[in-house]
>>> print(open('input-v4.txt').read())   # compact mmCIF, C-alpha atoms
# COMPACT_ATOMS: atom_id res chain seq x y z
CA MET A 414 55.98 28.80 -15.74
CA PRO A 415 59.30 27.18 -14.66
CA ASP A 416 62.44 29.20 -15.28
CA PRO A 417 65.15 26.79 -16.59
CA LEU A 418 68.02 28.89 -15.21
CA PHE A 419 66.61 28.73 -11.71
CA GLU A 420 65.52 25.11 -11.58
CA PRO A 421 67.52 22.90 -9.17
CA ILE A 422 69.61 20.00 -10.46
CA THR A 423 70.49 16.81 -8.61
CA LEU A 424 73.88 15.40 -9.57
CA PRO A 425 74.74 11.68 -9.91
CA GLY A 426 76.19 11.47 -6.39
CA GLY A 427 73.05 12.93 -4.84
CA ALA A 428 74.17 16.55 -4.33
CA THR A 429 71.59 19.14 -5.39
CA LEU A 430 72.43 22.60 -6.75
CA PRO A 431 69.69 25.20 -6.09
CA ASN A 432 69.90 26.62 -9.62
CA ARG A 433 71.83 26.26 -12.88
CA ILE A 434 74.14 29.28 -12.49
CA ALA A 435 77.66 28.69 -11.18
CA LYS A 436 80.33 31.19 -10.31
CA ALA A 437 83.23 29.56 -12.13
CA ALA A 438 86.70 29.51 -10.63
CA MET A 439 88.82 32.61 -11.07
CA GLU A 440 92.27 32.80 -9.55
CA GLU A 441 91.80 35.51 -6.95
CA GLY A 442 95.42 35.90 -5.77
CA MET A 443 94.04 37.12 -2.45
CA ALA A 444 95.69 34.88 0.14
CA GLY A 445 96.40 36.53 3.46
CA LYS A 446 99.11 35.72 6.00
CA ASP A 447 100.60 32.23 5.68
CA GLN A 448 98.86 31.66 2.31
CA LEU A 449 95.47 31.36 4.04
CA PRO A 450 92.04 32.80 3.20
CA ASP A 451 91.16 35.85 5.27
CA VAL A 452 88.52 38.57 5.58
CA ALA A 453 88.84 39.80 1.97
CA LEU A 454 88.05 36.34 0.56
CA PHE A 455 85.28 35.86 3.12
CA GLY A 456 83.70 39.14 2.02
CA LEU A 457 84.06 38.34 -1.67
CA TYR A 458 82.35 34.96 -1.38
CA ARG A 459 79.62 36.31 0.89
CA THR A 460 78.86 38.89 -1.79
CA TRP A 461 78.65 36.23 -4.49
CA SER A 462 76.44 33.97 -2.39
CA GLU A 463 74.05 36.81 -1.72
CA GLY A 464 74.07 37.57 -5.47
CA GLY A 465 72.10 34.44 -6.35
CA SER A 466 74.54 31.96 -7.91
CA GLY A 467 73.56 28.39 -7.08
CA LEU A 468 77.17 27.17 -6.98
CA LEU A 469 80.39 28.94 -6.06
CA ILE A 470 83.64 27.29 -7.13
CA THR A 471 86.71 28.79 -5.50
CA GLY A 472 89.72 29.91 -7.44
CA ASN A 473 92.82 27.71 -7.42
CA VAL A 474 93.57 26.21 -4.03
CA MET A 475 97.04 24.75 -4.19
CA PHE A 476 97.83 21.49 -2.40
CA HIS A 477 101.60 21.52 -2.96
CA ALA A 478 103.05 24.50 -1.11
CA GLU A 479 106.14 24.58 -3.33
CA ALA A 480 104.16 24.57 -6.59
CA MET A 481 102.18 27.76 -7.02
CA THR A 482 100.61 29.61 -9.93
CA GLY A 483 101.44 32.84 -8.13
CA PRO A 484 102.79 34.11 -4.80
CA SER A 485 99.37 35.15 -3.45
CA GLY A 486 97.69 31.78 -3.87
CA VAL A 487 95.85 29.94 -1.11
CA VAL A 488 97.42 26.70 0.15
CA LEU A 489 95.51 23.86 1.80
CA ASP A 490 97.66 20.86 2.59
CA ALA A 491 98.16 18.45 5.49
CA HIS A 492 99.78 21.19 7.61
CA SER A 493 97.33 24.08 7.03
CA PRO A 494 95.06 25.21 9.88
CA ILE A 495 91.45 24.35 9.07
CA ALA A 496 89.65 27.25 10.80
CA PRO A 497 90.17 29.86 8.01
CA PHE A 498 88.82 27.40 5.45
CA ARG A 499 85.72 26.80 7.57
CA LYS A 500 85.06 30.55 7.63
CA TRP A 501 85.54 30.67 3.86
CA ALA A 502 83.05 27.85 3.28
CA GLU A 503 80.54 29.44 5.68
CA SER A 504 80.80 32.75 3.81
CA ALA A 505 80.34 31.05 0.44
CA LYS A 506 77.19 29.27 1.67
CA SER A 507 75.74 32.21 3.62
CA GLY A 508 73.25 33.17 0.90
CA GLY A 509 72.17 29.63 0.03
CA SER A 510 74.82 28.72 -2.53
CA LYS A 511 76.67 25.43 -2.63
CA ALA A 512 80.44 25.81 -2.23
CA TRP A 513 83.05 23.71 -4.02
CA MET A 514 86.81 24.06 -3.71
CA GLN A 515 88.88 23.90 -6.89
CA ILE A 516 92.15 22.06 -6.22
CA ASN A 517 95.09 22.34 -8.57
CA HIS A 518 98.78 21.93 -9.35
CA PRO A 519 100.41 24.33 -11.84
CA GLY A 520 102.93 21.87 -13.24
CA ARG A 521 105.18 23.75 -15.64
CA GLN A 522 103.04 26.91 -15.71
CA VAL A 523 105.20 28.64 -13.11
CA SER A 524 107.10 31.89 -13.41
CA LYS A 525 110.91 31.69 -13.34
CA ASN A 526 111.09 34.04 -10.34
CA MET A 527 108.91 31.82 -8.15
CA PRO A 528 110.63 29.74 -5.46
CA GLY A 529 109.73 26.08 -5.29
CA VAL A 530 109.37 23.51 -8.08
CA ALA A 531 108.25 23.40 -11.70
CA TRP A 532 107.14 19.83 -12.36
CA ALA A 533 105.82 18.55 -15.67
CA PRO A 534 105.11 15.27 -17.48
CA SER A 535 108.07 16.09 -19.76
CA ALA A 536 110.82 18.69 -19.53
CA ILE A 537 109.24 20.95 -22.15
CA LYS A 538 109.07 24.64 -21.37
CA VAL A 539 105.91 26.70 -21.92
CA ASP A 540 105.99 28.51 -25.26
CA ALA A 541 104.30 31.81 -24.43
CA GLY A 542 105.84 33.93 -27.16
CA LYS A 543 107.69 36.95 -25.85
CA ALA A 544 106.73 35.97 -22.31
CA SER A 545 108.49 32.59 -22.56
CA ALA A 546 111.65 33.98 -20.95
CA MET A 547 109.65 34.59 -17.77
CA MET A 548 108.58 30.94 -17.46
CA ALA A 549 110.41 28.32 -15.40
CA ASP A 550 112.37 25.45 -16.92
CA PRO A 551 110.37 22.35 -15.89
CA VAL A 552 111.65 19.06 -14.54
CA GLU A 553 110.09 15.75 -15.61
CA LEU A 554 108.18 14.06 -12.81
CA THR A 555 109.38 10.74 -11.47
CA ALA A 556 106.97 7.88 -10.72
CA ALA A 557 107.37 8.59 -7.00
CA GLN A 558 106.51 12.28 -7.48
CA ILE A 559 103.43 11.34 -9.49
CA ALA A 560 102.25 9.07 -6.66
CA GLU A 561 102.98 11.87 -4.18
CA THR A 562 100.89 14.27 -6.27
CA VAL A 563 97.91 11.89 -6.33
CA GLU A 564 98.08 11.58 -2.55
CA ARG A 565 98.26 15.35 -2.12
CA PHE A 566 95.13 15.83 -4.24
CA ALA A 567 93.29 13.36 -2.02
CA THR A 568 94.54 14.91 1.22
CA THR A 569 93.37 18.37 0.23
CA ALA A 570 89.98 17.06 -0.92
CA GLY A 571 89.49 15.37 2.45
CA ARG A 572 90.44 18.56 4.28
CA ALA A 573 88.08 20.59 2.07
CA GLU A 574 85.23 18.36 3.22
CA GLU A 575 86.39 18.74 6.83
CA ALA A 576 86.25 22.52 6.36
CA GLY A 577 82.62 22.43 5.21
CA SER A 578 82.92 22.56 1.44
CA ASP A 579 80.15 20.73 -0.42
CA GLY A 580 82.50 19.37 -3.08
CA VAL A 581 85.76 19.76 -4.95
CA GLU A 582 86.61 20.44 -8.55
CA ILE A 583 89.79 18.78 -9.83
CA HIS A 584 91.44 21.17 -12.29
CA ALA A 585 92.41 19.26 -15.44
CA ALA A 586 92.22 22.19 -17.87
CA HIS A 587 93.99 25.42 -18.85
CA GLY A 588 97.41 23.85 -19.28
CA TYR A 589 97.97 23.05 -15.60
CA LEU A 590 99.56 19.78 -14.50
CA ILE A 591 96.79 17.27 -15.29
CA SER A 592 96.04 19.10 -18.54
CA GLN A 593 99.75 18.82 -19.39
CA PHE A 594 99.55 15.06 -18.97
CA LEU A 595 96.46 14.91 -21.18
CA SER A 596 98.04 16.82 -24.07
CA PRO A 597 100.40 15.00 -26.46
CA LEU A 598 102.18 18.34 -27.03
CA SER A 599 103.39 18.62 -23.43
CA ASN A 600 103.43 14.91 -22.57
CA ARG A 601 106.18 13.10 -24.49
CA ARG A 602 106.63 10.28 -21.97
CA SER A 603 107.17 6.70 -23.13
CA ASP A 604 106.08 5.02 -19.89
CA GLN A 605 102.62 4.24 -18.47
CA TRP A 606 101.71 7.94 -18.30
CA GLY A 607 102.52 8.79 -21.94
CA GLY A 608 101.64 7.89 -25.50
CA SER A 609 98.05 6.68 -25.82
CA LEU A 610 95.12 8.71 -24.48
CA GLU A 611 94.53 5.93 -21.96
CA ASN A 612 98.03 6.47 -20.58
CA ARG A 613 97.84 10.26 -20.74
CA SER A 614 94.55 10.10 -18.78
CA ARG A 615 96.02 7.87 -16.07
CA LEU A 616 96.98 10.70 -13.70
CA LEU A 617 93.51 12.27 -13.88
CA LEU A 618 91.72 8.97 -13.30
CA ASP A 619 94.04 8.02 -10.42
CA VAL A 620 93.41 11.42 -8.81
CA VAL A 621 89.62 11.03 -9.13
CA ARG A 622 89.75 7.53 -7.60
CA ALA A 623 91.94 8.69 -4.72
CA VAL A 624 89.74 11.70 -4.01
CA LYS A 625 86.52 9.66 -4.08
CA ASP A 626 88.09 7.12 -1.72
CA ARG A 627 88.93 9.94 0.72
CA VAL A 628 85.58 11.80 0.86
CA SER A 629 81.98 10.94 1.72
CA THR A 630 79.68 9.50 -0.93
CA ASP A 631 77.48 12.62 -0.95
CA PHE A 632 80.46 14.98 -1.30
CA ALA A 633 80.52 16.21 -4.91
CA VAL A 634 83.56 15.47 -7.08
CA ALA A 635 83.81 17.40 -10.33
CA VAL A 636 86.46 17.82 -13.04
CA LYS A 637 87.35 20.87 -15.10
CA LEU A 638 88.38 19.70 -18.57
CA ASN A 639 89.44 21.42 -21.77
CA SER A 640 86.93 20.82 -24.55
CA ALA A 641 90.03 21.41 -26.71
CA ASP A 642 93.47 22.97 -26.32
CA PHE A 643 93.12 25.00 -29.55
CA GLN A 644 96.61 23.92 -30.61
CA ARG A 645 97.37 21.78 -33.63
CA GLY A 646 98.15 18.27 -32.44
CA GLY A 647 96.93 18.94 -28.91
CA PHE A 648 94.07 17.60 -26.79
CA ASP A 649 90.96 17.81 -28.99
CA GLU A 650 87.21 17.25 -28.98
CA ASP A 651 87.49 13.51 -29.60
CA ASP A 652 89.92 13.22 -26.68
CA ALA A 653 87.54 15.20 -24.47
CA ARG A 654 84.62 12.93 -25.39
CA ALA A 655 86.66 9.83 -24.55
CA VAL A 656 87.86 11.25 -21.22
CA ILE A 657 84.30 12.23 -20.24
CA ASN A 658 83.26 8.62 -20.80
CA MET A 659 86.15 7.45 -18.60
CA LEU A 660 85.07 9.88 -15.88
CA ALA A 661 81.48 8.62 -16.10
CA GLU A 662 82.70 5.17 -15.13
CA LEU A 663 84.11 6.71 -11.94
CA ASN A 664 80.76 8.38 -11.12
CA VAL A 665 82.03 11.95 -11.40
CA ASP A 666 79.25 14.43 -10.57
CA LEU A 667 79.98 17.13 -13.13
CA VAL A 668 82.45 17.98 -15.89
CA GLU A 669 83.08 21.67 -16.50
CA LEU A 670 84.09 22.32 -20.10
CA SER A 671 86.53 25.10 -20.83
CA GLY A 672 89.61 25.48 -22.97
CA CYS A 673 93.05 27.06 -23.47
CA SER A 674 96.41 27.23 -21.71
CA TYR A 675 99.18 29.77 -21.30
CA GLU A 676 100.31 28.81 -24.81
CA SER A 677 96.84 29.29 -26.32
CA PRO A 678 94.95 31.81 -24.15
CA ALA A 679 91.43 31.53 -25.57
CA MET A 680 89.86 33.00 -22.44
CA THR A 681 91.27 36.47 -21.90
CA GLY A 682 88.14 38.52 -21.37
CA ASN A 683 88.53 40.26 -24.73
CA ALA A 684 85.56 38.30 -26.00
CA LEU A 685 83.33 40.29 -23.68
CA GLU A 686 83.90 43.51 -25.58
CA SER A 687 80.59 45.06 -26.61
CA ALA A 688 78.82 41.80 -25.79
CA ALA A 689 75.63 43.64 -24.91
CA GLN A 690 74.86 44.42 -28.56
CA GLU A 691 71.72 42.25 -28.94
CA GLY A 692 71.53 42.70 -32.69
CA ASP A 693 75.10 41.70 -33.42
CA SER A 694 75.22 38.23 -35.00
CA ARG A 695 78.77 37.79 -33.73
CA THR A 696 77.77 38.15 -30.06
CA ALA A 697 76.99 34.48 -29.51
CA ALA A 698 80.46 33.65 -30.83
CA ARG A 699 82.05 36.07 -28.36
CA GLU A 700 79.99 34.72 -25.50
CA ALA A 701 79.99 31.02 -24.56
CA TYR A 702 83.34 30.62 -26.32
CA PHE A 703 83.17 26.85 -26.37
CA LEU A 704 79.43 26.40 -26.97
CA GLU A 705 79.70 24.63 -30.32
CA LEU A 706 82.13 22.07 -28.93
CA ALA A 707 80.05 21.69 -25.78
CA ARG A 708 76.88 21.14 -27.79
CA GLU A 709 78.53 18.27 -29.65
CA LEU A 710 79.90 16.77 -26.44
CA ALA A 711 76.55 17.14 -24.64
CA ASP A 712 74.86 14.97 -27.27
CA SER A 713 76.72 11.91 -26.00
CA SER A 714 77.83 12.85 -22.48
CA PRO A 715 76.78 10.44 -19.71
CA VAL A 716 77.89 13.06 -17.14
CA PRO A 717 76.21 16.42 -16.41
CA LEU A 718 78.16 19.20 -18.11
CA MET A 719 78.90 22.78 -17.14
CA LEU A 720 80.06 25.33 -19.71
CA THR A 721 82.22 28.33 -18.85
CA GLY A 722 83.61 31.07 -21.05
CA GLY A 723 82.45 34.63 -21.66
CA ILE A 724 78.71 34.43 -20.89
CA VAL A 725 77.30 37.83 -19.96
CA ARG A 726 73.66 37.79 -21.15
CA ARG A 727 70.65 35.79 -19.98
CA SER A 728 69.67 34.88 -23.53
CA VAL A 729 73.07 33.24 -24.10
CA ALA A 730 72.86 31.45 -20.74
CA GLU A 731 69.48 30.08 -21.78
CA GLU A 732 70.95 28.99 -25.12
CA VAL A 733 73.66 27.10 -23.26
CA LEU A 734 71.02 25.17 -21.29
CA SER A 735 68.94 24.48 -24.39
CA SER A 736 72.04 23.00 -26.06
CA GLY A 737 72.03 20.16 -23.55
CA VAL A 738 74.51 21.62 -21.06
CA ASP A 739 73.26 21.37 -17.46
CA VAL A 740 75.00 24.24 -15.64
CA VAL A 741 76.04 27.70 -16.85
CA GLY A 742 79.42 28.86 -15.53
CA MET A 743 80.27 32.55 -15.38
CA GLY A 744 83.48 34.23 -14.27
CA THR A 745 84.29 37.72 -15.45
CA ALA A 746 80.62 38.74 -15.57
CA LEU A 747 80.23 37.95 -11.86
CA ALA A 748 83.51 39.68 -11.06
CA VAL A 749 81.91 42.85 -12.40
CA GLU A 750 78.26 42.31 -11.39
CA PRO A 751 78.16 39.80 -8.51
CA ASP A 752 74.37 40.02 -8.21
CA LEU A 753 73.69 39.36 -11.90
CA PRO A 754 71.80 36.08 -11.17
CA ASN A 755 69.40 37.90 -8.86
CA ARG A 756 68.86 40.57 -11.49
CA TRP A 757 68.13 37.92 -14.11
CA ARG A 758 65.62 36.36 -11.74
CA SER A 759 63.92 39.71 -11.29
CA ALA A 760 60.38 40.12 -12.61
CA THR A 761 61.32 43.45 -14.21
CA GLU A 762 62.37 43.63 -17.83
CA ALA A 763 65.39 45.75 -16.92
CA GLY A 764 66.60 43.09 -14.52
CA ARG A 765 66.03 40.15 -16.84
CA SER A 766 67.88 41.82 -19.70
CA ALA A 767 70.84 42.91 -17.56
CA SER A 768 74.26 42.20 -19.05
CA VAL A 769 77.87 43.14 -18.48
CA GLU A 770 80.29 45.18 -20.56
CA VAL A 771 84.06 45.05 -20.15
CA GLY A 772 86.54 47.01 -22.21
CA SER A 773 88.91 45.28 -24.61
CA VAL A 774 92.62 44.75 -24.11
CA ARG A 775 94.56 46.28 -26.98
CA ILE A 776 97.83 44.41 -26.66
CA LYS A 777 99.03 42.45 -29.70
CA ASP A 778 100.97 39.77 -27.82
CA LYS A 779 98.32 37.20 -26.84
CA ALA A 780 100.06 35.97 -23.70
CA ILE A 781 100.57 39.49 -22.35
CA ALA A 782 97.03 40.48 -23.34
CA SER A 783 95.71 37.46 -21.44
CA ALA A 784 97.75 38.36 -18.36
CA ALA A 785 96.48 41.95 -18.51
CA ALA A 786 92.86 40.87 -18.87
CA MET A 787 93.15 38.52 -15.91
CA SER A 788 94.84 41.20 -13.81
CA ARG A 789 91.85 43.46 -14.43
CA VAL A 790 89.49 40.73 -13.25
CA ARG A 791 91.55 40.18 -10.09
CA TYR A 792 91.44 43.94 -9.49
CA GLN A 793 87.62 43.74 -9.43
CA LEU A 794 87.71 40.78 -7.03
CA LYS A 795 89.91 42.63 -4.57
CA ARG A 796 87.54 45.63 -4.65
CA LEU A 797 84.53 43.40 -4.01
CA GLY A 798 86.33 41.63 -1.17
CA ASN A 799 87.00 44.98 0.46
CA GLY A 800 83.40 46.13 0.07
CA LYS A 801 84.07 48.53 -2.81
CA PRO A 802 82.23 48.86 -6.14
CA THR A 803 83.87 47.41 -9.22
CA ARG A 804 85.60 49.47 -11.94
CA PRO A 805 85.15 47.36 -15.10
CA ARG A 806 86.43 50.06 -17.50
CA ILE A 807 89.78 50.52 -15.78
CA SER A 808 92.76 50.05 -18.08
CA ALA A 809 93.94 46.44 -18.11
CA GLU A 810 97.45 47.67 -18.82
CA LEU A 811 97.33 49.73 -15.62
CA THR A 812 96.07 46.83 -13.50
CA LEU A 813 98.83 44.61 -14.93
CA VAL A 814 101.51 47.10 -13.87
CA MET A 815 99.92 47.43 -10.44
CA GLU A 816 99.75 43.65 -10.05
CA GLN A 817 103.35 43.14 -11.12
CA SER A 818 104.48 45.63 -8.49
CA ALA A 819 102.41 43.95 -5.78
CA SER A 820 103.64 40.54 -6.93
CA LYS A 821 107.24 41.40 -6.09
CA VAL A 822 106.28 42.05 -2.48
CA ALA A 823 104.09 38.94 -2.37
CA THR A 824 106.89 36.78 -3.78
CA LYS A 825 109.25 37.87 -1.00
CA ARG A 826 106.56 37.12 1.57
CA TYR A 827 105.79 33.72 0.04
CA SER A 828 109.50 32.83 -0.12
CA ALA A 829 109.93 33.71 3.56
CA TRP A 830 106.88 31.60 4.44
CA LEU A 831 108.28 28.59 2.57
CA LYS A 832 111.58 28.89 4.42
CA SER A 833 109.82 29.16 7.79
CA ARG A 834 107.87 25.99 7.02
CA ALA A 835 111.04 24.10 6.16
CA SER A 836 112.83 25.13 9.35
>>> encode(input="input-v4.txt", output="structure tokens")
Amino acid sequence: MPDPLFEPITLPGGATLPNRIAKAAMEEGMAGKDQLPDVALFGLYRTWSEGGSGLLITGNVMFHAEAMTGPSGVVLDAHSPIAPFRKWAESAKSGGSKAWMQINHPGRQVSKNMPGVAWAPSAIKVDAGKASAMMADPVELTAAQIAETVERFATTAGRAEEAGSDGVEIHAAHGYLISQFLSPLSNRRSDQWGGSLENRSRLLLDVVRAVKDRVSTDFAVAVKLNSADFQRGGFDEDDARAVINMLAELNVDLVELSGCSYESPAMTGNALESAAQEGDSRTAAREAYFLELARELADSSPVPLMLTGGIVRRSVAEEVLSSGVDVVGMGTALAVEPDLPNRWRSATEAGRSASVEVGSVRIKDKAIASAAAMSRVRYQLKRLGNGKPTRPRISAELTLVMEQSASKVATKRYSAWLKSRAS
């Protein structure tokens, strides 16, 4: 009898994924010398590919060297050497997975202590509660800078194909630059990029067109989109439905549905707490955070959809597929158990019922709790990349302190690299 999770899917552009499980993008913060991927990232992606996921989407790859979500991010632009990216793609495909590169610009979601730029559709600072003081003061993009950004997206997509990636995912969610343009809360422009949804979508659509013009027809082009921002007056379900229809007209291969931003961190990992309790009626709400919205969007979507957000059990993954969603995206679960897909495919009952448990983060401030939860995930990724077992129960508060200390060193290194590039 066919197993829906492990059936292949052919996307509109002709690319075929070997199964319906995708390792969703997680920001690894594992760049080596000169902001390039190195042996730790190669090892991490080799482990995931051998673990059975049909698709691996990289964490943020930044195409504007002066605009970074963090000092340990990978940069692929017109000046980057291609060889390390070829090794990364080869590692990600070593076990039979398809490999897509997520490309992104942080926009205003940049820390104040980061060198470089903080660009945004409008000069409105991120409101992250107590953490707001740590965020940069953004500068409104000019028309020339917008055009420059579109070109940079396309350049990096073309170089990703050159490096052996099977596709790219354009990040238009989580409050990053394109998401900022889409939201009426962060986009207060009165020109052709502001006001109506058609105008607020212009940057995304221009980026998709430019990318598709730069790559081969069989190279997959996907978009990560918020199903909603979860903020009153922000980008909502109706907006998402309309944008999906716009993307269908451009023959996008897949839309990954997610949600949240730094101002509304819906995806912190806390929802995974005790998610293995089969009899708990609240479990489905903790897992597949955005399933209800995705189900409604899937009813009318002309584009294959992928849903990401808190899935840790096979039964929930199967529910996602039965809702009309085409691909199941998992992040934190695969950071803890990278071979979970293979275990689900196992003929044994123990394997098929395997799930993941991650401790909660008991910090009241949502922004800080989100940062702590993500730091714990990145801690697991670094261990996997170095061939070590994961430690899912480690204190998130501890990993946050450790990461903040390491970040100071990485920021100095990144700043020196930027200066050396400019000289």
>>> closest_residue(input="input-v4.txt", among="A:Val530, A:Leu831, A:Val822, A:Leu734", to="Gln558 in chain A", atoms="all atoms listed in the file")
A:Val530
>>> closest_residue(input="input-v4.txt", among="A:Ala533, A:Arg627, A:Tyr827, A:Ala478", to="Glu564 in chain A", atoms="all atoms listed in the file")
A:Arg627
>>> atom_distance(input="input-v4.txt", atom1="CA of Phe498 in chain A", atom2="CA of Ala623 in chain A")
21.5 Å
>>> atom_distance(input="input-v4.txt", atom1="CA of Ser524 in chain A", atom2="CA of Ala549 in chain A")
5.3 Å
>>> axis_aligned_box(input="input-v4.txt", around="range 708-720 of chain A", padding_each_side="8 Å", output="lines of an AutoDock Vina configuration file")
center_x = 77.5
center_y = 17.9
center_z = -23.0
size_x = 21.2
size_y = 30.9
size_z = 29.2
>>> closest_residue(input="input-v4.txt", among="A:Met475, A:Val741, A:Leu706, A:Leu638", to="Gln515 in chain A", atoms="only C-alpha atoms")
A:Met475
>>> residues_near_point(input="input-v4.txt", point="(96.3, 6.1, -21.1)", cutoff="12 Å", atoms="all atoms listed in the file", output="list in words")
Phe594, Leu595, Ser596, Pro597, Asn600, Arg602, Ser603, Asp604, Gln605, Trp606, Gly607, Gly608, Ser609, Leu610, Glu611, Asn612, Arg613, Ser614, Arg615, Leu616, Leu617, Leu618, Asp619, Asp652, Ala655, Val656 and Met659 of chain A
>>> write_last_selection(input="input-v4.txt", atoms="C-alpha atoms", output="compact mmCIF listing (two decimals), in the coordinates of the input")
# COMPACT_ATOMS: atom_id res chain seq x y z
CA PHE A 594 99.55 15.06 -18.97
CA LEU A 595 96.46 14.91 -21.18
CA SER A 596 98.04 16.82 -24.07
CA PRO A 597 100.40 15.00 -26.46
CA ASN A 600 103.43 14.91 -22.57
CA ARG A 602 106.63 10.28 -21.97
CA SER A 603 107.17 6.70 -23.13
CA ASP A 604 106.08 5.02 -19.89
CA GLN A 605 102.62 4.24 -18.47
CA TRP A 606 101.71 7.94 -18.30
CA GLY A 607 102.52 8.79 -21.94
CA GLY A 608 101.64 7.89 -25.50
CA SER A 609 98.05 6.68 -25.82
CA LEU A 610 95.12 8.71 -24.48
CA GLU A 611 94.53 5.93 -21.96
CA ASN A 612 98.03 6.47 -20.58
CA ARG A 613 97.84 10.26 -20.74
CA SER A 614 94.55 10.10 -18.78
CA ARG A 615 96.02 7.87 -16.07
CA LEU A 616 96.98 10.70 -13.70
CA LEU A 617 93.51 12.27 -13.88
CA LEU A 618 91.72 8.97 -13.30
CA ASP A 619 94.04 8.02 -10.42
CA ASP A 652 89.92 13.22 -26.68
CA ALA A 655 86.66 9.83 -24.55
CA VAL A 656 87.86 11.25 -21.22
CA MET A 659 86.15 7.45 -18.60
>>> closest_residue(input="input-v4.txt", among="A:Met514, A:Val452, A:Ala437, A:Val769", to="Leu720 in chain A", atoms="all atoms listed in the file")
A:Ala437
>>> closest_residue(input="input-v4.txt", among="A:Gly456, A:Pro754, A:Gly486, A:Gly772", to="Pro519 in chain A", atoms="all atoms listed in the file")
A:Gly486
>>> residues_around(input="input-v4.txt", residues="range 785-787 of chain A", least_positions_apart="4", cutoff="9 Å", atoms="only C-alpha atoms", output="list in words")
Met439, Glu440, Thr681, Gly682, Asn683, Thr745, Ser773, Val774, Ile776, Ala780, Ile781, Arg791, Tyr792, Ser808, Ala809, Glu810, Leu811, Thr812, Leu813 and Val814 of chain A
>>> closest_residue(input="input-v4.txt", among="A:Glu561, A:Leu418, A:Gly529, A:Lys506", to="Ala835 in chain A", atoms="all atoms listed in the file")
A:Gly529
>>> residues_near_point(input="input-v4.txt", point="(104.0, 41.3, -2.4)", cutoff="12 Å", atoms="only C-alpha atoms", output="PyMOL selection string")
chain A and resi 442-446+448+483-486+815-829
>>> atom_distance(input="input-v4.txt", atom1="CA of Val488 in chain A", atom2="CA of Asp550 in chain A")
22.7 Å
>>> residues_around(input="input-v4.txt", residues="range 709-718 of chain A", least_positions_apart="6", cutoff="12 Å", atoms="all atoms listed in the file", output="number ranges by chain")
A: 422-426, 433, 435, 634-641, 649-671, 703, 733-742
>>> residues_around(input="input-v4.txt", residues="Pro494 in chain A", least_positions_apart="6", cutoff="10 Å", atoms="all atoms listed in the file", output="PyMOL selection string")
chain A and resi 447+449+572+576
